[in-house]
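Source file query19.cif; content: mmCIF, C-alpha atoms and all ligand atoms.
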data_upload
loop_
_atom_site.label_atom_id
_atom_site.label_comp_id
_atom_site.auth_asym_id
_atom_site.auth_seq_id
_atom_site.Cartn_x
_atom_site.Cartn_y
_atom_site.Cartn_z
CA MET A 10 1.00 10.17 2.61
CA THR A 11 -1.99 8.62 4.20
CA GLY A 12 -1.06 4.98 3.86
CA SER A 13 -1.56 2.43 1.19
CA LEU A 14 -4.68 0.62 0.20
CA HIS A 15 -4.49 -2.80 -1.23
CA HIS A 16 -7.00 -5.01 -2.91
CA GLY A 17 -5.91 -8.58 -2.46
CA SER A 18 -7.39 -10.04 -5.60
CA SER A 19 -8.69 -9.09 -8.98
CA SER A 20 -12.22 -7.76 -8.81
CA HIS A 21 -12.93 -9.76 -11.96
CA GLY A 22 -11.58 -12.94 -10.40
CA LYS A 23 -9.36 -13.65 -13.43
CA PRO A 24 -5.72 -14.53 -12.89
CA ARG A 25 -3.53 -11.62 -13.73
CA ASP A 26 -0.04 -11.48 -15.19
CA TYR A 27 1.57 -8.83 -13.00
CA SER A 28 4.33 -8.24 -15.53
CA ARG A 29 1.62 -6.93 -17.91
CA THR A 30 -1.07 -5.48 -15.66
CA PRO A 31 -0.86 -4.19 -12.10
CA LEU A 32 -3.52 -4.94 -9.51
CA ASN A 33 -3.37 -1.36 -8.22
CA VAL A 34 -2.49 1.99 -9.74
CA TYR A 35 -1.74 4.49 -6.97
CA TRP A 36 -2.27 8.12 -7.91
CA GLU A 37 -0.78 10.72 -5.61
CA MET A 38 -3.35 13.34 -6.64
CA THR A 39 -1.62 16.14 -4.74
CA GLN A 40 1.18 16.57 -2.25
CA ALA A 41 -0.91 19.08 -0.30
CA CYS A 42 -1.84 17.85 3.19
CA ALA A 43 -2.60 19.53 6.48
CA LEU A 44 -1.00 16.75 8.55
CA ALA A 45 2.69 16.31 9.27
CA CYS A 46 2.99 12.57 9.83
CA ARG A 47 6.40 11.57 11.05
CA HIS A 48 6.69 8.71 8.55
CA CYS A 49 5.28 10.49 5.50
CA ARG A 50 6.79 9.24 2.26
CA ALA A 51 5.76 12.35 0.39
CA THR A 52 6.92 14.86 3.00
CA ALA A 53 3.55 16.43 2.25
CA VAL A 54 3.28 20.20 2.43
CA PRO A 55 0.35 22.63 2.80
CA GLU A 56 0.33 23.76 -0.84
CA PRO A 57 -0.02 21.81 -4.10
CA HIS A 58 3.02 21.54 -6.36
CA PRO A 59 2.88 24.15 -9.16
CA MET A 60 3.31 21.35 -11.72
CA GLU A 61 0.58 19.15 -10.24
CA LEU A 62 -1.44 17.39 -12.95
CA THR A 63 -4.38 19.55 -14.02
CA PHE A 64 -7.89 18.20 -14.41
CA ASN A 65 -7.44 17.60 -18.15
CA GLN A 66 -4.05 15.98 -17.63
CA GLY A 67 -5.60 13.83 -14.91
CA VAL A 68 -8.39 12.71 -17.26
CA ALA A 69 -5.85 11.88 -19.98
CA PHE A 70 -3.92 9.79 -17.47
CA LEU A 71 -7.10 7.96 -16.39
CA ASN A 72 -7.76 7.09 -20.04
CA GLN A 73 -4.27 5.58 -20.24
CA ILE A 74 -5.23 3.07 -17.55
CA LEU A 75 -7.60 1.46 -20.08
CA GLU A 76 -4.56 0.39 -22.11
CA PHE A 77 -3.86 -2.29 -19.50
CA GLY A 78 -6.98 -4.04 -20.77
CA ASP A 79 -9.28 -6.38 -18.90
CA PRO A 80 -9.11 -6.93 -15.98
CA LEU A 81 -8.41 -3.27 -15.28
CA PRO A 82 -6.39 -2.33 -12.23
CA GLN A 83 -8.01 -0.66 -9.25
CA LEU A 84 -7.23 3.05 -8.89
CA ILE A 85 -6.17 4.12 -5.40
CA LEU A 86 -6.37 7.86 -4.83
CA THR A 87 -3.75 8.99 -2.38
CA GLY A 88 -1.61 12.01 -1.55
CA GLY A 89 -0.85 14.20 0.32
CA ASP A 90 -4.52 14.40 1.02
CA PRO A 91 -6.73 13.65 -2.00
CA LEU A 92 -9.51 15.67 -0.35
CA GLN A 93 -7.41 18.75 -1.08
CA ARG A 94 -8.09 18.33 -4.82
CA LYS A 95 -10.95 20.68 -5.70
CA ASP A 96 -11.83 18.53 -8.70
CA LEU A 97 -11.75 15.27 -6.70
CA TYR A 98 -15.35 14.23 -7.36
CA GLU A 99 -15.16 15.10 -11.06
CA LEU A 100 -12.02 12.99 -11.41
CA ILE A 101 -13.67 10.10 -9.55
CA ASP A 102 -16.62 10.37 -11.96
CA GLU A 103 -14.28 10.30 -14.96
CA ALA A 104 -12.60 7.14 -13.65
CA ARG A 105 -15.92 5.46 -12.89
CA LYS A 106 -17.25 6.36 -16.37
CA LEU A 107 -14.25 4.51 -17.80
CA GLY A 108 -15.13 1.48 -15.71
CA ILE A 109 -12.19 1.87 -13.32
CA GLY A 110 -12.78 0.91 -9.68
CA VAL A 111 -11.75 3.67 -7.26
CA SER A 112 -10.59 3.58 -3.64
CA ILE A 113 -9.32 6.49 -1.59
CA THR A 114 -7.03 7.17 1.38
CA PRO A 115 -8.05 10.57 2.80
CA ALA A 116 -6.18 12.26 5.64
CA ALA A 117 -8.01 12.53 8.97
CA THR A 118 -8.33 16.30 9.03
CA PRO A 119 -11.38 18.45 9.89
CA ALA A 120 -12.11 18.49 6.13
CA PHE A 121 -12.95 14.78 6.29
CA THR A 122 -16.55 14.85 7.49
CA ARG A 123 -19.41 12.38 7.39
CA GLU A 124 -20.82 14.38 4.44
CA VAL A 125 -17.58 13.80 2.55
CA LEU A 126 -17.88 10.07 3.11
CA VAL A 127 -21.52 10.07 1.98
CA ARG A 128 -20.49 11.96 -1.13
CA LEU A 129 -17.63 9.58 -1.88
CA LYS A 130 -20.07 6.72 -1.63
CA GLU A 131 -22.55 8.50 -3.91
CA HIS A 132 -19.75 8.86 -6.43
CA SER A 133 -19.24 5.06 -6.29
CA VAL A 134 -15.97 4.99 -4.42
CA GLU A 135 -15.53 1.34 -3.51
CA GLY A 136 -13.08 1.44 -0.65
CA LEU A 137 -11.65 3.66 2.03
CA GLY A 138 -8.20 3.48 3.60
CA LEU A 139 -7.46 5.07 6.98
CA SER A 140 -4.31 5.12 9.08
CA LEU A 141 -4.29 4.19 12.74
CA ASP A 142 -0.83 4.18 14.27
CA GLY A 143 -1.61 4.08 17.98
CA SER A 144 -4.18 2.59 20.35
CA THR A 145 -4.54 5.89 22.22
CA ALA A 146 -4.78 9.52 21.21
CA GLN A 147 -1.41 10.19 22.75
CA ARG A 148 0.38 7.47 20.82
CA HIS A 149 -1.36 8.04 17.49
CA ASP A 150 -1.22 11.84 17.53
CA SER A 151 2.46 11.92 18.40
CA ILE A 152 3.16 9.95 15.19
CA ARG A 153 0.66 11.89 13.09
CA GLY A 154 1.94 15.25 14.28
CA VAL A 155 -1.47 16.87 14.84
CA PRO A 156 -3.58 16.55 18.04
CA GLY A 157 -7.13 15.34 17.45
CA THR A 158 -6.19 13.01 14.57
CA PHE A 159 -6.83 9.86 16.61
CA ASP A 160 -10.36 10.96 17.53
CA ARG A 161 -11.11 11.92 13.93
CA THR A 162 -9.81 8.59 12.65
CA MET A 163 -11.93 6.61 15.12
CA GLN A 164 -14.94 8.72 14.15
CA ALA A 165 -14.28 8.04 10.47
CA ILE A 166 -14.07 4.29 11.20
CA ARG A 167 -17.52 4.48 12.82
CA TRP A 168 -18.93 6.43 9.85
CA ALA A 169 -17.52 3.93 7.38
CA GLN A 170 -19.20 1.16 9.35
CA GLU A 171 -22.54 3.00 9.41
CA LEU A 172 -22.34 3.67 5.67
CA GLU A 173 -21.17 0.12 4.94
CA MET A 174 -18.14 1.33 3.11
CA PRO A 175 -15.38 -1.30 2.81
CA LEU A 176 -12.57 -0.12 5.03
CA GLN A 177 -8.88 -0.89 5.14
CA VAL A 178 -6.97 0.29 8.19
CA ASN A 179 -3.21 0.76 7.86
CA THR A 180 -0.95 0.70 10.89
CA LEU A 181 2.70 1.62 11.01
CA ALA A 182 5.00 -1.13 12.27
CA SER A 183 8.20 0.44 13.57
CA ALA A 184 10.36 0.29 16.71
CA GLU A 185 8.09 2.98 18.24
CA THR A 186 4.77 1.26 17.51
CA ALA A 187 5.42 -2.53 17.63
CA ASP A 188 4.53 -2.95 21.33
CA ASP A 189 1.22 -1.18 20.72
CA VAL A 190 0.14 -3.33 17.74
CA PRO A 191 -1.81 -5.91 19.82
CA ALA A 192 -3.74 -3.08 21.52
CA ILE A 193 -4.55 -1.53 18.13
CA TYR A 194 -5.87 -4.92 17.04
CA GLU A 195 -8.13 -5.10 20.11
CA LEU A 196 -9.38 -1.60 19.37
CA LEU A 197 -10.27 -2.53 15.78
CA LYS A 198 -11.79 -5.93 16.48
CA PRO A 199 -15.36 -4.74 17.12
CA PHE A 200 -15.48 -2.81 13.84
CA ALA A 201 -16.43 -4.04 10.39
CA VAL A 202 -12.94 -3.56 9.01
CA SER A 203 -12.32 -5.55 5.82
CA ARG A 204 -8.54 -5.52 5.92
CA TRP A 205 -5.93 -4.43 8.43
CA SER A 206 -2.45 -4.01 7.06
CA LEU A 207 0.74 -3.44 9.00
CA PHE A 208 3.04 -1.17 7.07
CA PHE A 209 6.64 -1.99 7.95
CA LEU A 210 8.44 1.33 8.02
CA ILE A 211 10.76 2.32 5.22
CA SER A 212 12.82 5.33 6.16
CA VAL A 213 12.12 7.79 3.37
CA GLY A 214 10.72 11.31 3.58
CA ARG A 215 9.81 12.12 7.16
CA GLY A 216 10.07 8.40 7.99
CA LYS A 217 13.75 9.01 8.72
CA VAL A 218 12.88 10.31 12.21
CA LEU A 219 11.29 6.98 13.15
CA GLN A 220 13.20 3.73 13.63
CA PRO A 221 12.46 0.58 11.62
CA LEU A 222 12.14 -2.76 13.43
CA SER A 223 15.20 -4.99 13.55
CA PRO A 224 14.90 -8.13 11.37
CA GLU A 225 14.53 -10.24 14.57
CA ASP A 226 11.74 -8.07 15.98
CA GLY A 227 10.15 -8.00 12.53
CA GLU A 228 10.15 -11.81 12.43
CA LYS A 229 8.45 -11.91 15.86
CA LEU A 230 5.79 -9.44 14.74
CA MET A 231 5.19 -11.41 11.54
CA SER A 232 4.63 -14.57 13.58
CA TRP A 233 2.14 -12.63 15.67
CA VAL A 234 0.42 -11.45 12.46
CA TYR A 235 0.15 -15.03 11.25
CA GLU A 236 -1.32 -16.27 14.52
CA THR A 237 -3.71 -13.34 14.76
CA SER A 238 -4.84 -13.65 11.14
CA SER A 239 -6.31 -17.11 11.78
CA GLN A 240 -8.72 -15.76 14.44
CA ALA A 241 -9.23 -12.17 13.33
CA PRO A 242 -12.66 -11.07 12.08
CA PHE A 243 -10.89 -9.36 9.16
CA THR A 244 -7.92 -9.98 6.87
CA VAL A 245 -4.61 -9.17 8.55
CA ALA A 246 -1.85 -8.37 6.09
CA THR A 247 1.47 -6.62 5.74
CA THR A 248 2.74 -3.83 3.47
CA GLU A 249 6.42 -3.56 2.46
CA ALA A 250 7.14 -6.80 4.33
CA PRO A 251 6.74 -9.46 1.63
CA SER A 252 8.94 -11.82 3.66
CA TYR A 253 5.78 -12.31 5.74
CA ARG A 254 4.74 -14.62 2.89
CA ARG A 255 7.67 -16.89 3.72
CA VAL A 256 6.72 -16.83 7.41
CA ALA A 257 3.09 -17.66 6.59
CA LEU A 258 4.04 -20.44 4.16
CA GLU A 259 6.45 -22.05 6.61
CA ARG A 260 3.81 -21.94 9.33
CA MET A 261 1.12 -23.41 7.07
CA ARG A 262 3.42 -26.21 5.95
CA GLY A 263 4.38 -26.81 9.58
CA GLU A 264 0.67 -27.20 10.37
CA GLY A 265 0.44 -29.90 7.69
CA LEU A 266 -1.67 -27.95 5.17
CA THR A 267 -1.61 -29.37 1.64
CA GLY A 268 -0.51 -27.32 -1.36
CA GLU A 269 -4.15 -26.94 -2.42
CA GLN A 270 -5.23 -25.77 1.05
CA ILE A 271 -2.38 -23.27 1.11
CA LYS A 272 -3.41 -21.96 -2.32
CA ARG A 273 -6.98 -21.39 -1.15
CA SER A 274 -5.95 -19.74 2.11
CA PRO A 275 -6.70 -15.99 2.35
CA ALA A 276 -3.17 -15.59 3.72
CA THR A 277 -1.75 -16.29 0.26
CA ARG A 278 -3.76 -13.58 -1.49
CA GLY A 279 -1.42 -11.03 -2.96
CA PHE A 280 1.53 -13.44 -3.11
CA GLY A 281 3.80 -12.46 -5.97
CA ILE A 282 2.96 -8.76 -5.80
CA ARG A 283 5.80 -6.40 -4.97
CA ASP A 284 6.93 -2.86 -5.75
CA GLY A 285 6.71 -2.39 -9.52
CA HIS A 286 5.13 -5.83 -10.04
CA GLY A 287 1.41 -5.63 -9.38
CA ILE A 288 1.80 -2.06 -8.19
CA VAL A 289 2.56 1.17 -10.03
CA PHE A 290 2.64 4.70 -8.64
CA VAL A 291 1.97 7.99 -10.43
CA SER A 292 3.13 11.10 -8.58
CA ASN A 293 1.33 14.42 -8.32
CA THR A 294 3.37 15.71 -11.27
CA GLY A 295 2.80 12.57 -13.36
CA ASP A 296 6.05 10.72 -12.71
CA ILE A 297 5.70 6.95 -13.06
CA CYS A 298 7.47 4.98 -10.31
CA PRO A 299 7.36 1.31 -9.25
CA ALA A 300 5.83 2.28 -5.88
CA GLY A 301 5.37 5.27 -3.61
CA PHE A 302 8.29 4.09 -1.52
CA LEU A 303 10.46 3.36 -4.55
CA PRO A 304 10.92 6.79 -6.11
CA LEU A 305 12.76 5.69 -9.24
CA ILE A 306 11.22 7.67 -12.08
CA ALA A 307 10.76 5.50 -15.17
CA GLY A 308 8.59 7.90 -17.17
CA ASN A 309 5.89 10.55 -16.94
CA VAL A 310 2.25 10.25 -17.98
CA LEU A 311 2.50 13.61 -19.77
CA LYS A 312 4.87 12.18 -22.37
CA ASP A 313 4.87 8.39 -21.94
CA ARG A 314 2.18 5.71 -21.92
CA LEU A 315 1.66 4.23 -18.48
CA ALA A 316 1.14 0.64 -19.69
CA ASP A 317 4.20 0.84 -21.94
CA VAL A 318 6.41 2.07 -19.08
CA TYR A 319 5.00 -0.56 -16.71
CA ARG A 320 5.64 -3.37 -19.17
CA ASN A 321 8.80 -2.26 -20.93
CA ALA A 322 10.86 0.30 -19.01
CA PRO A 323 14.14 -1.33 -17.94
CA VAL A 324 13.56 -0.72 -14.22
CA PHE A 325 10.10 -2.30 -14.37
CA GLN A 326 11.34 -5.21 -16.49
CA SER A 327 13.99 -6.01 -13.91
CA LEU A 328 11.43 -5.75 -11.08
CA HIS A 329 9.15 -8.17 -12.94
CA ASP A 330 11.94 -10.75 -13.04
CA PRO A 331 13.09 -12.10 -9.65
CA THR A 332 16.00 -13.94 -11.25
CA GLN A 333 17.58 -10.50 -11.62
CA PHE A 334 17.51 -9.84 -7.89
CA GLU A 335 20.84 -9.88 -6.15
CA GLY A 336 22.18 -11.48 -3.00
CA ARG A 337 19.88 -13.64 -0.90
CA CYS A 338 16.70 -12.46 -2.69
CA GLY A 339 18.30 -13.58 -5.98
CA TYR A 340 18.80 -17.24 -5.02
CA CYS A 341 16.05 -17.58 -2.42
CA GLU A 342 13.49 -20.28 -3.15
CA TYR A 343 10.76 -17.81 -2.15
CA HIS A 344 11.76 -15.09 -4.56
CA ALA A 345 8.82 -15.42 -6.95
CA LEU A 346 6.26 -15.27 -4.12
CA CYS A 347 8.14 -12.80 -1.98
CA GLY A 348 11.03 -11.13 -3.77
CA GLY A 349 11.74 -8.85 -0.82
CA SER A 350 10.82 -5.20 -0.46
CA ARG A 351 12.40 -3.58 -3.49
CA ALA A 352 11.76 -0.17 -1.89
CA ARG A 353 13.69 -1.09 1.25
CA ALA A 354 16.55 -2.57 -0.82
CA PHE A 355 16.71 0.71 -2.75
CA GLU A 356 16.55 2.83 0.39
CA ALA A 357 19.35 0.83 2.02
CA THR A 358 21.70 0.43 -0.96
CA GLY A 359 20.57 2.65 -3.85
CA ASN A 360 19.97 -0.55 -5.87
CA PRO A 361 16.35 -1.69 -6.24
CA LEU A 362 17.50 -5.22 -7.12
CA ALA A 363 19.61 -5.70 -3.97
CA SER A 364 18.63 -8.05 -1.15
CA ASP A 365 15.96 -6.86 1.31
CA PRO A 366 17.98 -6.10 4.46
CA PHE A 367 14.93 -6.56 6.66
CA CYS A 368 14.60 -10.28 5.97
CA ALA A 369 16.24 -12.57 8.52
CA TYR A 370 16.08 -15.64 6.29
CA GLU A 371 19.12 -17.52 4.97
CA PRO A 372 17.98 -19.29 1.79
CA HIS A 373 18.86 -22.98 1.53
CA HIS A 374 20.50 -23.10 -1.85
CA GLN A 375 22.85 -20.92 -3.82
S1 LIG B 401 15.62 -13.65 1.16
FE1 LIG B 401 14.44 -12.14 -0.05
S2 LIG B 401 13.08 -13.40 -1.37
FE2 LIG B 401 13.80 -14.74 0.32
S3 LIG B 401 12.24 -14.60 1.91
FE3 LIG B 401 13.82 -13.07 2.39
S4 LIG B 401 13.08 -11.16 1.44
FE4 LIG B 401 11.93 -12.88 0.52
#
Go ahead and express the file in the form of structure tokens.
Ligand code: SF4
Amino acid sequence: MTGSLHHGSSSHGKPRDYSRTPLNVYWEMTQACALACRHCRATAVPEPHPMELTFNQGVAFLNQILEFGDPLPQLILTGGDPLQRKDLYELIDEARKLGIGVSITPAATPAFTREVLVRLKEHSVEGLGLSLDGSTAQRHDSIRGVPGTFDRTMQAIRWAQELEMPLQVNTLASAETADDVPAIYELLKPFAVSRWSLFFLISVGRGKVLQPLSPEDGEKLMSWVYETSSQAPFTVATTEAPSYRRVALERMRGEGLTGEQIKRSPATRGFGIRDGHGIVFVSNTGDICPAGFLPLIAGNVLKDRLADVYRNAPVFQSLHDPTQFEGRCGYCEYHALCGGSRARAFEATGNPLASDPFCAYEPHHQ
């Protein structure tokens, strides 16, 4: 998996009811990938799955996205490596014809050339997501499993800048990488990055070989993210660490910001979104899950309707409703804005509604 890509607000600017329509539909186009990243959710392999959605099945799935209605979600093409799909550009064209915005998270392999980026732009791809997990080749490549990946990623960042392609950079936040995060920020600062998101490790797939941050170290890093975000030339955000929203809110209130100022702050964009609520994931074989890191299969696009599953399947309905969360996340005053990482709760306990074990907060009331 090459990291997530997130669009912080509706491209149409209309408020969205996340229990009816997600902001982002992630499509794992293939599990095939030439990299062997140590934290890969998909445990990607060199070959596609024999039951991978065909072109026609892919087009039928894209048509289902229209059933969400206006404003349509953004489609994020991920994998594996989406560049390994031979029909990638045709599928992008089909989505664009339907009026669906498309972003992509390619893997930094030799197949990802400047020509590929030019072509993606010609096919109206609106955003690019790249992963940068270390400030040096040694640190990044040891996580990504293939030498040369750091250099290729930095090259791709330069190309994206030249081609004026909106770029999101994703960085792993784990025990192994946390001390390097400030240096990665310095490395990115000169570039026209639109969003930098720290992905707080969830130990699934190959991620099990890396260590997540402790809640205390996570809290420290989130404070650093908040402080950095006020000076950074780009948006600084977190993935699978919704408790950052609590940290940011507490800091803003502490600084005396009014409710209206807080609402308008870029830091509050994406509040309320969590796994299965604002996000839906479709696997390479068509399985519908709340998120890539929450592999609870609630349906399959080959036999179910995506919008129906997202709105009505019991697992999605419970994820839409924070009053159903258990433990601290159930009675926490921040549960509508934050709600905890449902993927991490599931990974730790087998229950997607359990409390997020990463959060260090003790809610005030019970
Ligand atoms: S207890 Fe749960 S809902 Fe409250 S801030 Fe922590 S993770 Fe978020």
Query raised in the report: Counting only C-alpha atoms, what is within 8 Å of Glu356 (chain A), bar same-chain residues fewer than 6 positions away, as a PyMOL selection string?
Result: chain A and resi 211-213+303
Test item: residues lying within 8 Å of ligand LIG 401 (chain B) with only C-alpha atoms and all ligand atoms, as a PDB file with C-alpha atoms, keeping the file's coordinate frame:
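result.pdb written:
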ATOM      1  CA  ALA A 250       7.140  -6.800   4.330  1.00  0.00           C
ATOM      2  CA  PRO A 251       6.740  -9.460   1.630  1.00  0.00           C
ATOM      3  CA  SER A 252       8.940 -11.820   3.660  1.00  0.00           C
ATOM      4  CA  TYR A 253       5.780 -12.310   5.740  1.00  0.00           C
ATOM      5  CA  ARG A 254       4.740 -14.620   2.890  1.00  0.00           C
ATOM      6  CA  ARG A 255       7.670 -16.890   3.720  1.00  0.00           C
ATOM      7  CA  ARG A 337      19.880 -13.640  -0.900  1.00  0.00           C
ATOM      8  CA  CYS A 338      16.700 -12.460  -2.690  1.00  0.00           C
ATOM      9  CA  GLY A 339      18.300 -13.580  -5.980  1.00  0.00           C
ATOM     10  CA  TYR A 340      18.800 -17.240  -5.020  1.00  0.00           C
ATOM     11  CA  CYS A 341      16.050 -17.580  -2.420  1.00  0.00           C
ATOM     12  CA  GLU A 342      13.490 -20.280  -3.150  1.00  0.00           C
ATOM     13  CA  TYR A 343      10.760 -17.810  -2.150  1.00  0.00           C
ATOM     14  CA  HIS A 344      11.760 -15.090  -4.560  1.00  0.00           C
ATOM     15  CA  ALA A 345       8.820 -15.420  -6.950  1.00  0.00           C
ATOM     16  CA  LEU A 346       6.260 -15.270  -4.120  1.00  0.00           C
ATOM     17  CA  CYS A 347       8.140 -12.800  -1.980  1.00  0.00           C
ATOM     18  CA  GLY A 348      11.030 -11.130  -3.770  1.00  0.00           C
ATOM     19  CA  GLY A 349      11.740  -8.850  -0.820  1.00  0.00           C
ATOM     20  CA  SER A 350      10.820  -5.200  -0.460  1.00  0.00           C
ATOM     21  CA  SER A 364      18.630  -8.050  -1.150  1.00  0.00           C
ATOM     22  CA  ASP A 365      15.960  -6.860   1.310  1.00  0.00           C
ATOM     23  CA  PRO A 366      17.980  -6.100   4.460  1.00  0.00           C
ATOM     24  CA  PHE A 367      14.930  -6.560   6.660  1.00  0.00           C
ATOM     25  CA  CYS A 368      14.600 -10.280   5.970  1.00  0.00           C
ATOM     26  CA  ALA A 369      16.240 -12.570   8.520  1.00  0.00           C
ATOM     27  CA  TYR A 370      16.080 -15.640   6.290  1.00  0.00           C
ATOM     28  CA  GLU A 371      19.120 -17.520   4.970  1.00  0.00           C
ATOM     29  CA  PRO A 372      17.980 -19.290   1.790  1.00  0.00           C
TER      30      PRO A 372
END
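Nearest to Ala182 (chain A) of all the residues A:Asn360, A:Thr294, A:Ser203, A:Ser140 is A:Ser140, counting all atoms listed in the file.
Separating CA of Gln333 (chain A) from CA of Leu84 (chain A) is a distance of 28.4 Å.
If you look at CA of Gln83 (chain A) and CA of Ile297 (chain A), they are 16.1 Å away from each other.
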Requested in this report: Identify, on the basis of all atoms listed in the file, every residue whose closest approach to region 75-77 of chain A does not exceed 9 Å; exclude the query and any residue fewer than 3 positions from it along the same chain; express the result as a list in words.
Outcome: Arg29, Thr30, Pro31, Leu71, Asn72, Pro80, Leu81, Pro82, Leu107, Gly108, Ile109, Arg314, Leu315, Ala316 and Asp317 of chain A
Query raised in the report: If you count only C-alpha atoms, which residues fall within 9 Å of Phe209 (chain A), apart from same-chain ones fewer than 6 positions away, as JSON, numbers by chain?
Result: {"A": [180, 181, 182, 183, 221, 222, 227, 247, 248, 249, 250]}
Query - Minimum-distance residue to Val234 (chain A), chosen among A:Ala307, A:Ala187, A:Leu172, A:Ile166 (using only C-alpha atoms) - result: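 Checking each of A:Ala307, A:Ala187, A:Leu172, A:Ile166 against Val234 (chain A), counting only C-alpha atoms, the winner is A:Ala187.
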Query - Point-to-point distance in Å for CA of Gln147 (chain A) and CA of Val218 (chain A) - result: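 Calculated distance between CA of Val218 (chain A) and CA of Gln147 (chain A) is 17.8 Å.
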Query raised in the report: Smallest atom-to-atom distance to Phe325 (chain A): which of A:Tyr194, A:Trp233, A:Phe290, A:Phe200, using all atoms listed in the file?
Result: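 Distance minimum relative to Phe325 (chain A) lands on A:Phe290.
The nearest approach to Thr237 (chain A) among the residues A:Pro191, A:Gly78, A:Gly136, A:Gly110, with all atoms listed in the file taken into account, belongs to A:Pro191.
Proximity ranking of A:Pro119, A:Pro156, A:Pro275, A:Pro57 relative to Gln93 (chain A) places A:Pro57 first, based on only C-alpha atoms.
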Query - Neighbour residues at most 12 Å from (4.2, -0.5, -10.9) (only C-alpha atoms) as an MDAnalysis selection string - result: chainID A and resid 27:36 77 82 282:292 296:308 315:322 324:329 351:352
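Of the residues listed (A:Thr145, A:Thr162, A:Gln73, A:Thr87), A:Thr87 shows the shortest atom-to-atom separation from Gln40 (chain A); distances use all atoms listed in the file.
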Reconstructed N, CA and C atoms for region 314-329 of chain A, given as a CSV table (one decimal), in the coordinates of the input:
chain,number,residue,atom,x,y,z
A,314,ARG,N,3.4,6.5,-22.2
A,314,ARG,CA,2.2,5.7,-21.9
A,314,ARG,C,2.4,4.8,-20.7
A,315,LEU,N,1.5,4.9,-19.7
A,315,LEU,CA,1.7,4.2,-18.5
A,315,LEU,C,1.9,2.7,-18.7
A,316,ALA,N,1.0,2.1,-19.5
A,316,ALA,CA,1.1,0.6,-19.7
A,316,ALA,C,2.5,0.3,-20.3
A,317,ASP,N,2.9,1.1,-21.3
A,317,ASP,CA,4.2,0.8,-21.9
A,317,ASP,C,5.4,0.9,-20.9
A,318,VAL,N,5.4,1.9,-20.1
A,318,VAL,CA,6.4,2.1,-19.1
A,318,VAL,C,6.4,0.9,-18.1
A,319,TYR,N,5.2,0.5,-17.7
A,319,TYR,CA,5.0,-0.6,-16.7
A,319,TYR,C,5.5,-1.9,-17.3
A,320,ARG,N,5.3,-2.1,-18.6
A,320,ARG,CA,5.6,-3.4,-19.2
A,320,ARG,C,7.1,-3.4,-19.7
A,321,ASN,N,7.6,-2.2,-20.2
A,321,ASN,CA,8.8,-2.3,-20.9
A,321,ASN,C,10.0,-1.4,-20.4
A,322,ALA,N,9.7,-0.5,-19.5
A,322,ALA,CA,10.9,0.3,-19.0
A,322,ALA,C,11.9,-0.6,-18.3
A,323,PRO,N,13.2,-0.4,-18.5
A,323,PRO,CA,14.1,-1.3,-17.9
A,323,PRO,C,14.0,-1.6,-16.4
A,324,VAL,N,13.7,-0.5,-15.7
A,324,VAL,CA,13.6,-0.7,-14.2
A,324,VAL,C,12.4,-1.6,-13.9
A,325,PHE,N,11.3,-1.4,-14.6
A,325,PHE,CA,10.1,-2.3,-14.4
A,325,PHE,C,10.4,-3.7,-14.8
A,326,GLN,N,11.1,-3.9,-16.0
A,326,GLN,CA,11.3,-5.2,-16.5
A,326,GLN,C,12.2,-6.0,-15.5
A,327,SER,N,13.2,-5.3,-14.9
A,327,SER,CA,14.0,-6.0,-13.9
A,327,SER,C,13.2,-6.3,-12.6
A,328,LEU,N,12.3,-5.5,-12.3
A,328,LEU,CA,11.4,-5.8,-11.1
A,328,LEU,C,10.4,-6.9,-11.3
A,329,HIS,N,10.1,-7.1,-12.6
A,329,HIS,CA,9.2,-8.2,-12.9
A,329,HIS,C,9.9,-9.5,-12.9
